[in-house]
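Text of the file input.tsv, holding TSV, C-alpha atoms and all ligand atoms:
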```tsv
chain	number	residue	atom	x	y	z
A	1	MET	CA	-5.87	20.27	-19.89
A	2	PRO	CA	-5.21	18.76	-23.34
A	3	THR	CA	-6.72	20.37	-26.38
A	4	ASP	CA	-9.26	18.33	-28.34
A	5	ASN	CA	-6.62	17.79	-31.00
A	6	ALA	CA	-4.15	16.46	-28.47
A	7	ALA	CA	-6.76	14.07	-27.08
A	8	VAL	CA	-7.68	12.79	-30.53
A	9	LYS	CA	-4.00	12.32	-31.40
A	10	LEU	CA	-3.33	10.40	-28.17
A	11	SER	CA	-6.32	8.13	-28.73
A	12	ALA	CA	-5.15	7.38	-32.25
A	13	GLU	CA	-1.65	6.57	-31.00
A	14	LEU	CA	-2.93	4.22	-28.32
A	15	SER	CA	-5.31	2.41	-30.63
A	16	GLU	CA	-2.31	1.25	-32.68
A	17	GLU	CA	-0.38	-1.76	-31.46
A	18	SER	CA	1.09	-0.79	-28.11
A	19	PRO	CA	4.84	-0.89	-27.51
A	20	LEU	CA	3.97	-1.97	-23.94
A	21	CYS	CA	3.52	-5.55	-22.79
A	22	GLU	CA	-0.21	-5.88	-22.55
A	23	ILE	CA	-0.33	-7.58	-19.17
A	24	TYR	CA	-2.68	-5.26	-17.31
A	25	SER	CA	-6.44	-5.03	-17.58
A	26	GLN	CA	-6.93	-1.32	-18.01
A	27	TYR	CA	-9.51	1.40	-17.43
A	28	PRO	CA	-11.75	2.26	-20.39
A	29	PHE	CA	-10.16	5.73	-20.63
A	30	GLU	CA	-6.71	7.35	-20.70
A	31	ILE	CA	-5.55	9.50	-17.81
A	32	ALA	CA	-3.92	12.76	-18.79
A	33	ARG	CA	-3.45	14.56	-15.49
A	34	GLY	CA	-4.31	14.58	-11.82
A	35	GLU	CA	-4.95	17.12	-9.11
A	36	GLY	CA	-5.82	16.31	-5.51
A	37	VAL	CA	-8.51	13.63	-5.32
A	38	TYR	CA	-9.27	14.03	-9.04
A	39	VAL	CA	-7.82	12.74	-12.29
A	40	TYR	CA	-8.80	13.93	-15.78
A	41	ASP	CA	-8.96	11.79	-18.88
A	42	THR	CA	-7.62	12.84	-22.27
A	43	ASN	CA	-11.05	14.23	-23.15
A	44	GLY	CA	-10.99	16.47	-20.09
A	45	LYS	CA	-13.55	14.42	-18.14
A	46	ARG	CA	-13.02	14.55	-14.38
A	47	TYR	CA	-13.02	11.47	-12.14
A	48	ILE	CA	-13.00	11.19	-8.35
A	49	ASP	CA	-10.11	8.81	-7.73
A	50	LEU	CA	-11.19	6.64	-4.81
A	51	TYR	CA	-8.48	4.14	-5.71
A	52	GLY	CA	-5.52	6.52	-5.58
A	53	GLY	CA	-3.54	4.72	-8.28
A	54	HIS	CA	-3.56	1.68	-5.98
A	55	ALA	CA	-2.96	3.51	-2.69
A	56	VAL	CA	-0.01	5.45	-4.11
A	57	SER	CA	-1.57	8.92	-4.19
A	58	SER	CA	-1.55	9.15	-0.42
A	59	ILE	CA	-1.98	12.93	-0.28
A	60	GLY	CA	-3.65	13.43	-3.63
A	61	HIS	CA	-2.37	13.66	-7.17
A	62	CYS	CA	0.52	16.03	-7.95
A	63	PRO	CA	0.77	17.35	-4.38
A	64	LYS	CA	2.35	20.80	-4.49
A	65	THR	CA	4.40	20.25	-1.38
A	66	VAL	CA	6.04	17.11	-2.83
A	67	LEU	CA	6.61	18.73	-6.22
A	68	GLU	CA	8.35	21.68	-4.58
A	69	ALA	CA	10.49	19.42	-2.40
A	70	ILE	CA	11.59	17.31	-5.38
A	71	GLN	CA	12.38	20.39	-7.41
A	72	LYS	CA	14.43	21.97	-4.62
A	73	GLN	CA	16.32	18.75	-3.89
A	74	GLY	CA	16.85	18.04	-7.59
A	75	SER	CA	18.49	21.39	-8.10
A	76	GLU	CA	20.88	20.70	-5.20
A	77	LEU	CA	21.69	16.99	-5.53
A	78	MET	CA	19.63	14.66	-7.67
A	79	PHE	CA	21.46	11.47	-6.80
A	80	TYR	CA	24.25	10.01	-4.84
A	81	SER	CA	24.48	6.40	-3.69
A	82	ASN	CA	24.59	5.20	-0.09
A	83	LEU	CA	28.40	5.23	-0.15
A	84	ALA	CA	28.12	8.90	0.76
A	85	ARG	CA	26.28	10.42	3.68
A	86	VAL	CA	23.65	12.78	2.36
A	87	PRO	CA	21.91	15.02	4.91
A	88	ILE	CA	18.41	14.69	3.43
A	89	ARG	CA	18.60	10.88	3.78
A	90	VAL	CA	19.31	11.03	7.51
A	91	ARG	CA	16.77	13.80	8.11
A	92	ALA	CA	13.97	12.06	6.20
A	93	ALA	CA	14.69	8.69	7.87
A	94	GLN	CA	14.43	10.37	11.28
A	95	LYS	CA	11.13	11.93	10.26
A	96	LEU	CA	9.79	8.50	9.31
A	97	ILE	CA	10.92	6.98	12.60
A	98	ASP	CA	9.48	9.88	14.60
A	99	TYR	CA	6.15	9.65	12.78
A	100	ALA	CA	6.02	5.88	13.35
A	101	ALA	CA	6.73	6.24	17.10
A	102	ASN	CA	6.46	2.47	17.48
A	103	GLY	CA	9.89	1.40	18.68
A	104	LEU	CA	11.22	0.56	15.20
A	105	THR	CA	14.11	2.94	14.89
A	106	LYS	CA	16.29	1.95	11.94
A	107	ALA	CA	15.40	2.35	8.26
A	108	PHE	CA	16.71	0.72	5.10
A	109	PHE	CA	15.47	2.24	1.86
A	110	CYS	CA	14.79	0.58	-1.46
A	111	ASN	CA	12.40	1.25	-4.34
A	112	SER	CA	9.22	-0.81	-4.11
A	113	GLY	CA	7.03	-2.91	-1.87
A	114	GLY	CA	8.22	-6.21	-3.31
A	115	GLU	CA	11.83	-5.19	-2.80
A	116	ALA	CA	11.12	-4.14	0.79
A	117	ASN	CA	9.51	-7.50	1.58
A	118	GLU	CA	12.29	-9.40	-0.15
A	119	ASN	CA	14.86	-7.62	1.99
A	120	ALA	CA	12.90	-8.08	5.21
A	121	ILE	CA	12.63	-11.83	4.56
A	122	LYS	CA	16.34	-12.04	3.75
A	123	ILE	CA	17.13	-10.28	7.00
A	124	ALA	CA	14.98	-12.78	8.93
A	125	ILE	CA	16.66	-15.72	7.19
A	126	LYS	CA	20.06	-14.31	7.99
A	127	ILE	CA	19.38	-13.60	11.64
A	128	THR	CA	17.55	-16.83	12.46
A	129	GLY	CA	19.64	-19.06	10.18
A	130	ARG	CA	16.37	-20.73	9.14
A	131	ALA	CA	14.91	-21.22	5.69
A	132	LYS	CA	11.14	-21.37	6.10
A	133	VAL	CA	8.85	-18.39	5.61
A	134	ALA	CA	5.27	-18.40	6.87
A	135	SER	CA	2.57	-16.26	5.28
A	136	PHE	CA	-1.22	-16.18	5.14
A	137	SER	CA	-3.80	-17.40	2.69
A	138	GLY	CA	-5.16	-14.34	0.88
A	139	SER	CA	-1.89	-12.41	1.25
A	140	PHE	CA	-0.09	-10.30	-1.34
A	141	HIS	CA	3.53	-9.25	-0.82
A	142	GLY	CA	4.91	-8.47	-4.29
A	143	ARG	CA	6.38	-10.11	-7.37
A	144	THR	CA	10.10	-10.63	-6.77
A	145	LEU	CA	11.68	-14.06	-6.38
A	146	LEU	CA	14.47	-13.66	-3.91
A	147	ALA	CA	16.45	-12.44	-6.91
A	148	ILE	CA	19.74	-12.66	-5.09
A	149	THR	CA	19.63	-16.46	-5.09
A	150	ALA	CA	20.15	-16.23	-8.86
A	151	THR	CA	23.14	-13.91	-8.45
A	152	ASP	CA	26.58	-15.47	-8.74
A	153	HIS	CA	28.24	-13.72	-5.82
A	154	PRO	CA	28.27	-16.12	-2.84
A	155	ASP	CA	29.34	-13.44	-0.33
A	156	TRP	CA	25.96	-11.78	-0.76
A	157	HIS	CA	23.69	-14.81	-0.50
A	158	GLU	CA	25.53	-17.58	1.31
A	159	TYR	CA	23.47	-16.81	4.38
A	160	LEU	CA	20.31	-17.71	2.45
A	161	GLN	CA	21.50	-21.34	2.16
A	162	PRO	CA	19.74	-23.68	2.08
A	163	ARG	CA	17.42	-21.97	-0.39
A	164	VAL	CA	14.10	-20.81	0.96
A	165	ASP	CA	11.81	-23.75	1.67
A	166	PRO	CA	8.23	-23.81	0.45
A	167	ILE	CA	6.07	-21.29	2.24
A	168	VAL	CA	4.22	-22.40	5.38
A	169	GLN	CA	0.67	-21.22	4.91
A	170	LEU	CA	-1.47	-20.01	7.79
A	171	ALA	CA	-5.13	-18.97	7.70
A	172	PRO	CA	-5.93	-15.46	8.99
A	173	ASN	CA	-7.24	-15.44	12.57
A	174	GLU	CA	-7.07	-19.26	12.76
A	175	GLU	CA	-5.46	-19.96	16.12
A	176	ALA	CA	-5.01	-23.69	15.45
A	177	ASP	CA	-2.55	-22.79	12.65
A	178	LEU	CA	-0.22	-21.03	15.06
A	179	ALA	CA	1.21	-24.47	15.90
A	180	LYS	CA	2.76	-24.46	12.41
A	181	ILE	CA	5.14	-21.73	13.57
A	182	ASP	CA	7.95	-23.93	14.83
A	183	ALA	CA	11.73	-23.75	15.17
A	184	SER	CA	12.18	-24.13	11.39
A	185	VAL	CA	10.36	-20.86	10.61
A	186	ALA	CA	12.49	-17.77	10.01
A	187	CYS	CA	9.62	-15.31	9.88
A	188	VAL	CA	5.91	-14.76	9.58
A	189	ILE	CA	4.90	-12.00	7.17
A	190	LEU	CA	1.42	-10.49	7.03
A	191	GLU	CA	-0.51	-7.45	5.88
A	192	PRO	CA	-2.24	-6.26	9.08
A	193	ILE	CA	-5.28	-5.74	6.85
A	194	GLN	CA	-5.11	-7.96	3.77
A	195	SER	CA	-5.97	-5.49	1.06
A	196	ILE	CA	-6.23	-6.97	-2.43
A	197	GLY	CA	-7.09	-10.36	-0.92
A	198	GLY	CA	-10.49	-9.17	0.33
A	199	VAL	CA	-9.91	-6.38	2.88
A	200	THR	CA	-9.56	-8.97	5.64
A	201	GLU	CA	-8.66	-7.72	9.11
A	202	PHE	CA	-6.65	-9.54	11.72
A	203	ARG	CA	-8.22	-9.53	15.17
A	204	ALA	CA	-6.16	-7.70	17.80
A	205	ASP	CA	-6.27	-10.71	20.13
A	206	TYR	CA	-5.10	-12.98	17.29
A	207	LEU	CA	-2.17	-10.67	16.54
A	208	LYS	CA	-1.11	-10.89	20.20
A	209	LYS	CA	-1.24	-14.70	20.04
A	210	LEU	CA	0.70	-14.60	16.77
A	211	ARG	CA	3.36	-12.44	18.44
A	212	ALA	CA	3.58	-14.94	21.30
A	213	ALA	CA	3.81	-17.88	18.88
A	214	CYS	CA	6.67	-16.17	17.02
A	215	ASP	CA	8.44	-15.43	20.31
A	216	ASN	CA	8.08	-19.05	21.46
A	217	ALA	CA	9.47	-20.37	18.18
A	218	GLY	CA	12.20	-17.73	17.85
A	219	ALA	CA	10.65	-16.60	14.54
A	220	MET	CA	10.55	-12.97	13.44
A	221	LEU	CA	7.36	-11.08	12.70
A	222	ILE	CA	7.14	-8.81	9.66
A	223	PHE	CA	4.21	-6.46	9.09
A	224	ASP	CA	3.83	-5.61	5.42
A	225	GLU	CA	2.46	-2.08	5.77
A	226	VAL	CA	2.89	-1.23	2.11
A	227	GLN	CA	-0.81	-0.37	2.04
A	228	THR	CA	-1.73	0.05	5.71
A	229	GLY	CA	1.06	2.51	6.55
A	230	ILE	CA	1.38	6.29	6.85
A	231	GLY	CA	-1.96	6.96	8.48
A	232	ARG	CA	-4.18	5.11	6.02
A	233	THR	CA	-5.87	2.97	8.66
A	234	GLY	CA	-6.33	5.88	11.07
A	235	VAL	CA	-3.09	5.36	13.02
A	236	PRO	CA	0.43	6.14	11.79
A	237	PHE	CA	1.20	2.44	11.29
A	238	VAL	CA	-0.58	-0.67	12.53
A	239	SER	CA	2.80	-1.85	13.87
A	240	GLY	CA	3.05	-0.84	17.51
A	241	HIS	CA	-0.32	0.90	17.41
A	242	CYS	CA	-2.36	-2.32	17.55
A	243	GLY	CA	-0.73	-3.59	20.74
A	244	VAL	CA	1.82	-5.68	18.82
A	245	THR	CA	5.22	-4.61	17.56
A	246	PRO	CA	6.85	-6.68	14.82
A	247	GLU	CA	10.63	-6.88	14.32
A	248	MET	CA	10.22	-5.19	10.95
A	249	MET	CA	7.62	-3.29	8.96
A	250	THR	CA	7.83	-2.82	5.21
A	251	LEU	CA	6.59	0.29	3.41
A	252	ALA	CA	6.16	1.58	-0.15
A	253	LYS	CA	3.17	2.84	-2.21
A	254	GLY	CA	2.23	6.32	-0.95
A	255	LEU	CA	5.18	6.80	1.41
A	256	ALA	CA	6.66	9.47	-0.89
A	257	GLY	CA	3.36	10.87	-2.21
A	258	GLY	CA	3.68	9.15	-5.59
A	259	PHE	CA	7.46	9.09	-5.99
A	260	PRO	CA	8.85	5.50	-6.13
A	261	ILE	CA	10.16	4.32	-2.77
A	262	GLY	CA	10.37	1.27	-0.52
A	263	ALA	CA	11.55	0.85	3.06
A	264	VAL	CA	12.20	-1.72	5.75
A	265	VAL	CA	11.91	-0.16	9.19
A	266	MET	CA	13.31	-2.42	11.87
A	267	SER	CA	14.21	-2.61	15.54
A	268	LYS	CA	17.64	-1.53	16.72
A	269	GLU	CA	18.45	-5.17	17.56
A	270	VAL	CA	17.64	-6.36	14.04
A	271	ALA	CA	19.71	-3.57	12.50
A	272	ALA	CA	22.62	-4.44	14.81
A	273	ALA	CA	22.70	-7.97	13.39
A	274	LEU	CA	23.30	-6.68	9.85
A	275	GLN	CA	26.77	-6.35	8.42
A	276	THR	CA	28.14	-4.12	5.71
A	277	GLY	CA	27.02	-5.44	2.34
A	278	ASP	CA	24.23	-7.75	3.60
A	279	ILE	CA	21.54	-5.75	1.82
A	280	ALA	CA	21.78	-2.80	-0.56
A	281	ALA	CA	19.97	-0.87	-3.28
A	282	THR	CA	21.58	1.62	-5.65
A	283	PHE	CA	18.61	3.97	-5.80
A	284	GLY	CA	17.40	3.20	-2.26
A	285	GLY	CA	17.26	6.36	-0.18
A	286	GLY	CA	17.96	8.52	-3.23
A	287	PRO	CA	17.75	12.24	-2.48
A	288	LEU	CA	14.63	12.83	-4.57
A	289	ALA	CA	12.71	9.98	-2.91
A	290	MET	CA	13.85	11.21	0.49
A	291	ALA	CA	12.73	14.77	-0.20
A	292	ALA	CA	9.39	13.47	-1.45
A	293	MET	CA	8.95	11.28	1.63
A	294	GLU	CA	9.85	14.09	4.01
A	295	ALA	CA	7.30	16.40	2.38
A	296	THR	CA	4.64	13.68	2.37
A	297	LEU	CA	5.10	12.82	6.04
A	298	ASP	CA	5.12	16.51	6.98
A	299	HIS	CA	1.86	16.97	5.13
A	300	ILE	CA	0.22	13.93	6.73
A	301	ALA	CA	1.30	14.91	10.24
A	302	ARG	CA	0.57	18.65	9.88
A	303	ASN	CA	-2.94	18.05	8.56
A	304	ASN	CA	-3.62	15.09	10.85
A	305	LEU	CA	-4.67	12.99	7.88
A	306	ALA	CA	-4.80	9.83	10.02
A	307	ARG	CA	-7.70	11.47	11.85
A	308	ASN	CA	-9.33	12.31	8.52
A	309	ALA	CA	-8.97	8.65	7.54
A	310	ARG	CA	-10.84	7.66	10.72
A	311	ASP	CA	-13.53	10.22	9.99
A	312	ILE	CA	-13.92	8.95	6.43
A	313	GLU	CA	-14.31	5.38	7.66
A	314	SER	CA	-17.06	6.28	10.10
A	315	TYR	CA	-18.79	8.40	7.44
A	316	VAL	CA	-18.65	5.53	4.92
A	317	ARG	CA	-20.07	3.16	7.54
A	318	GLN	CA	-22.83	5.64	8.34
A	319	ARG	CA	-23.80	6.44	4.75
A	320	PHE	CA	-23.73	2.86	3.53
A	321	SER	CA	-25.93	1.66	6.37
A	322	GLU	CA	-28.74	4.06	5.41
A	323	PRO	CA	-32.02	2.31	4.53
A	324	SER	CA	-31.89	3.57	0.92
A	325	ILE	CA	-28.77	1.49	0.15
A	326	LYS	CA	-28.34	-0.94	3.04
A	327	GLU	CA	-30.09	-3.82	1.30
A	328	HIS	CA	-27.41	-3.82	-1.44
A	329	ILE	CA	-24.38	-3.70	0.86
A	330	THR	CA	-23.72	-6.85	2.81
A	331	GLU	CA	-20.67	-5.51	4.68
A	332	VAL	CA	-18.31	-2.56	5.00
A	333	ARG	CA	-14.82	-3.90	5.66
A	334	GLY	CA	-11.52	-2.32	6.64
A	335	ARG	CA	-10.23	0.72	8.46
A	336	GLY	CA	-9.69	4.38	7.65
A	337	CYS	CA	-9.06	4.88	3.94
A	338	LEU	CA	-8.55	1.17	3.25
A	339	LEU	CA	-12.11	-0.02	2.84
A	340	GLY	CA	-14.19	-2.58	0.99
A	341	LEU	CA	-17.89	-2.31	0.25
A	342	VAL	CA	-19.19	-5.84	-0.21
A	343	LEU	CA	-22.16	-5.79	-2.58
A	344	ASN	CA	-24.87	-8.39	-2.99
A	345	VAL	CA	-24.02	-8.58	-6.70
A	346	PRO	CA	-20.71	-8.89	-8.66
A	347	SER	CA	-18.85	-5.60	-8.38
A	348	LYS	CA	-17.17	-5.37	-11.80
A	349	PRO	CA	-20.21	-4.24	-13.83
A	350	ILE	CA	-21.10	-1.79	-11.08
A	351	GLN	CA	-17.59	-0.35	-11.14
A	352	GLN	CA	-17.81	0.05	-14.93
A	353	GLU	CA	-20.98	2.09	-14.35
A	354	LEU	CA	-19.15	4.13	-11.73
A	355	PHE	CA	-16.48	4.95	-14.34
A	356	LYS	CA	-19.22	6.36	-16.58
A	357	ARG	CA	-20.34	8.55	-13.68
A	358	GLY	CA	-16.79	9.78	-13.11
A	359	ILE	CA	-15.80	7.68	-10.08
A	360	ILE	CA	-12.80	5.33	-9.92
A	361	THR	CA	-12.83	2.45	-7.44
A	362	GLY	CA	-10.53	-0.56	-7.30
A	363	PRO	CA	-10.78	-4.26	-8.12
A	364	ASN	CA	-10.32	-7.01	-5.55
A	365	ALA	CA	-9.92	-10.77	-5.27
A	366	ASN	CA	-13.40	-10.76	-3.72
A	367	GLN	CA	-15.54	-10.40	-6.85
A	368	LYS	CA	-18.31	-8.63	-4.94
A	369	LEU	CA	-16.10	-6.05	-3.30
A	370	VAL	CA	-15.70	-2.40	-4.32
A	371	HIS	CA	-12.21	-1.48	-3.11
A	372	LEU	CA	-11.60	2.03	-1.77
A	373	LEU	CA	-8.03	3.31	-1.33
A	374	PRO	CA	-8.51	7.06	-1.75
A	375	PRO	CA	-5.96	9.75	-0.94
A	376	LEU	CA	-6.05	10.54	2.79
A	377	THR	CA	-7.21	14.01	1.78
A	378	VAL	CA	-10.56	12.65	0.54
A	379	GLU	CA	-13.60	14.51	1.85
A	380	ARG	CA	-17.09	13.53	2.98
A	381	GLY	CA	-18.53	15.14	-0.18
A	382	HIS	CA	-16.67	12.59	-2.32
A	383	ILE	CA	-18.21	9.79	-0.27
A	384	ASP	CA	-21.64	11.37	-0.80
A	385	GLN	CA	-21.07	11.27	-4.55
A	386	LEU	CA	-20.03	7.60	-4.39
A	387	HIS	CA	-23.07	6.84	-2.26
A	388	ASP	CA	-25.51	8.54	-4.61
A	389	ALA	CA	-24.00	7.01	-7.74
A	390	LEU	CA	-23.92	3.51	-6.23
A	391	ARG	CA	-27.49	3.80	-4.98
A	392	MET	CA	-28.75	4.73	-8.42
A	393	ILE	CA	-26.75	2.01	-10.18
A	394	LEU	CA	-27.78	-0.67	-7.68
A	395	GLU	CA	-31.45	0.30	-7.92
A	396	VAL	CA	-31.31	-0.24	-11.69
A	397	GLU	CA	-29.35	-3.50	-11.30
A	398	ARG	CA	-32.05	-4.90	-9.05
A	399	VAL	CA	-34.59	-5.28	-11.87
A	401	LIG	C1	0.50	-5.27	0.68
A	401	LIG	C2	1.43	-5.18	-0.50
A	401	LIG	N1	2.70	-5.57	-0.35
A	401	LIG	C3	3.58	-5.49	-1.36
A	401	LIG	C4	3.20	-5.02	-2.60
A	401	LIG	C5	4.19	-4.96	-3.72
A	401	LIG	O1	4.55	-3.64	-3.94
A	401	LIG	P1	5.27	-3.23	-5.32
A	401	LIG	O2	4.28	-3.41	-6.41
A	401	LIG	O3	5.69	-1.81	-5.07
A	401	LIG	O4	6.45	-4.15	-5.46
A	401	LIG	C6	1.88	-4.60	-2.79
A	401	LIG	C7	1.44	-4.09	-4.11
A	401	LIG	O5	0.27	-3.98	-4.41
A	401	LIG	C8	0.97	-4.69	-1.72
A	401	LIG	O6	-0.31	-4.31	-1.86
```
Please express what this file holds, its structure, as structure tokens.
Amino acid sequence: MPTDNAAVKLSAELSEESPLCEIYSQYPFEIARGEGVYVYDTNGKRYIDLYGGHAVSSIGHCPKTVLEAIQKQGSELMFYSNLARVPIRVRAAQKLIDYAANGLTKAFFCNSGGEANENAIKIAIKITGRAKVASFSGSFHGRTLLAITATDHPDWHEYLQPRVDPIVQLAPNEEADLAKIDASVACVILEPIQSIGGVTEFRADYLKKLRAACDNAGAMLIFDEVQTGIGRTGVPFVSGHCGVTPEMMTLAKGLAGGFPIGAVVMSKEVAAALQTGDIAATFGGGPLAMAAMEATLDHIARNNLARNARDIESYVRQRFSEPSIKEHITEVRGRGCLLGLVLNVPSKPIQQELFKRGIITGPNANQKLVHLLPPLTVERGHIDQLHDALRMILEVERV
């Protein structure tokens, strides 16, 4: 914990003009350290982190098991590129595939969610020879711009020609839109639960029809599981566990317990269509990320955190339907530890009040939604504290 002097010094430093691009709206406090479900600000105040640094702290902050794995791996081999076989890379990839148990059996590693999606889309364009990408209104898949198209090395992007056409937009769960998936579409990409866009779920029967529409058109299906993966929704991955298996699923966020990582996990057939050099990433599958992922997956599986996520969801649904608070909550959305509490008032001022009471929740495109993406280790007691704080704040707001 920082001393008072350290906290004062840090505050003074940050109140001067920042050397960082000021492009993020930020919390009204500075975070100094984290432990489990909690983070502590520079004044030593403790917060329950029900946002998990945007779903990244999958097994809590500073998880001991991940720290130990990184330290051990770092003392043996901190980095070597994919030109060399490195045992930890193969072992960790197998662990991911075994945990997924959904028929997707080949992994490509990169460093972020955007990069994973970019690569998955490139793979679909290559295999289908088509240029159109379909995605959904309300979706979020990252910030890259098919960077390779701007790279002057034709061998690596000729297969993307002609350049990607404008996106074909579909509406979630709207069956009439499935007709837009025609023989010009390379792939359809979706978050099985749209997270930042409003915690919008896809119906299981719709996903089956979407799968059939892709099959009929010869288009590939990509599940962006950057947020929904590794047990967060109560199953290892939505892919294959919702009755539909996509050709590829993309992962990032909490996959390595807070260490940067991205992955495209694909079917054997998709992997077989790739050739040496088609996709690559210098740091992808780096030994430290692999050790962190292995430790994270071990921890999730050993402690059955997917089951805990299911328990947390049902507890949230139970507590927020109690008469004392029900009138303020119009809907509880989502699955497992990816949830949205829809309020009957704008959520931002309420979330500012929650900060004051030591509880962090997340923003959302839906201005009335309190977004919950806690570590999968979150306990019922933390939900009780959220419930009590929200009830008190909402009672006051009502006047
Ligand atoms: C569903 C989803 N896909 C992709 C991304 C992009 O991930 P990254 O910021 O690691 O590039 C995000 C980030 O929030 C996301 O929520």
Taking 4 positions as the minimum chain separation for residues in the same chain, which residues sit within 9 Å of A:Gly142 when counting all atoms listed in the file? Answer as a list in words.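 After dropping sequence-adjacent residues, the list is Ser112, Gly113, Gly114, Glu115, Asn117 and Glu118 of chain A.
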For the selection just defined, write its residues with C-alpha atoms to a file, as a JSON list (two decimals), keeping the file's coordinate frame.
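Output (again-v2.json):
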```json
[["chain", "number", "residue", "atom", "x", "y", "z"],
["A", 112, "SER", "CA", 9.22, -0.81, -4.11],
["A", 113, "GLY", "CA", 7.03, -2.91, -1.87],
["A", 114, "GLY", "CA", 8.22, -6.21, -3.31],
["A", 115, "GLU", "CA", 11.83, -5.19, -2.80],
["A", 117, "ASN", "CA", 9.51, -7.50, 1.58],
["A", 118, "GLU", "CA", 12.29, -9.40, -0.15]]
```
Test item: residues at most 7 Å from stretch 223-229 of chain A, all atoms listed in the file, excluding those fewer than 6 positions along its chain, as number ranges by chain: A: 55, 113, 189-193, 236-239, 246, 248-253
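Going from atom CA of A:Arg232 to atom CA of A:Thr200 covers 15.1 Å.
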Can you work out which one of A:Gln194, A:Gln352, A:Ser184, A:Thr105 has the shortest atom-to-atom distance to ligand LIG 401 (chain A), counting all atoms listed in the file?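 Ranking A:Gln194, A:Gln352, A:Ser184, A:Thr105 by distance to ligand LIG 401 (chain A), first place goes to A:Gln194.
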Computed gap from atom CA of A:Gly138 to atom CA of A:Asn366 is 10.1 Å
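Nearest residue to ligand LIG 401 (chain A) among A:Val235, A:Ala107, A:Val345, A:Val199 is A:Val199, counting all atoms listed in the file.
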If you take all atoms listed in the file and a cut-off of 10 Å, which residues of stretch 234-309 of chain A touch stretch 323-337 of chain A, and what are their nearest atom pairs and distances in Å to one decimal, in chain and number order, as a tab-separated table?
```
residue	atom	partner	partner_atom	distance
A:Gly234	CA	A:Gly336	CA	5.0
A:Val235	CA	A:Gly336	CA	8.6
A:Leu305	CA	A:Gly336	CA	10.0
A:Ala306	CA	A:Gly336	CA	7.7
A:Arg307	CA	A:Gly336	CA	8.5
A:Asn308	CA	A:Gly336	CA	8.0
A:Ala309	CA	A:Gly336	CA	4.3
```
Smallest atom-to-atom distance to A:Asp177: which of A:Leu386, A:Leu77, A:Ala213, A:Val244, using all atoms listed in the file? A:Ala213
Enumerate, as a list in words, the protein, DNA and RNA residues whose atoms approach (-12.8, 5.8, -7.4) to within 8 Å, taking into account all atoms listed in the file and the coordinate frame of the file.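 Applying the cut-off with all atoms listed in the file, one gets Tyr47, Ile48, Asp49, Leu50, Tyr51, Gly52, Leu354, Phe355, Ile359, Ile360, Thr361, Gly362, Leu372 and Pro374 of chain A.
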Grab the atom CA of A:His141 to atom CA of A:Tyr206 distance for me, in Å with one decimal place. 20.4 Å
When you count all atoms listed in the file, which of these residues is closest to A:Leu145: A:Gln385, A:Asn119, A:Asn82, A:Ser195?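 Among A:Gln385, A:Asn119, A:Asn82, A:Ser195, it is A:Asn119 that comes nearest to A:Leu145.
Around A:Glu269, within 10 Å and counting all atoms listed in the file, the residues found are Leu104, Thr105, Lys106, Glu247, Met266, Ser267, Ala271, Ala272, Ala273 and Leu274 of chain A, once anything fewer than 2 positions away on its own chain is removed.
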When you count all atoms listed in the file, which of these residues is closest to A:Ala389: A:Ser139, A:Asn344, A:Ser25, A:Gln351?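 Closest to A:Ala389 of all the choices is A:Gln351.
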I need the residue nearest A:Leu373 from this list: A:Arg211, A:Arg33, A:Lys348, A:His54. Use only C-alpha atoms for the distance.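 Under the stated criterion, the closest residue is A:His54.
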List as a list in words the protein and nucleic acid residues near A:Ala92, meaning an atom at most 6 Å away when only C-alpha atoms are counted, but skip any in the same chain fewer than 4 places from it.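 These residues fall inside the cut-off: Ile88, Met290 and Glu294 of chain A.
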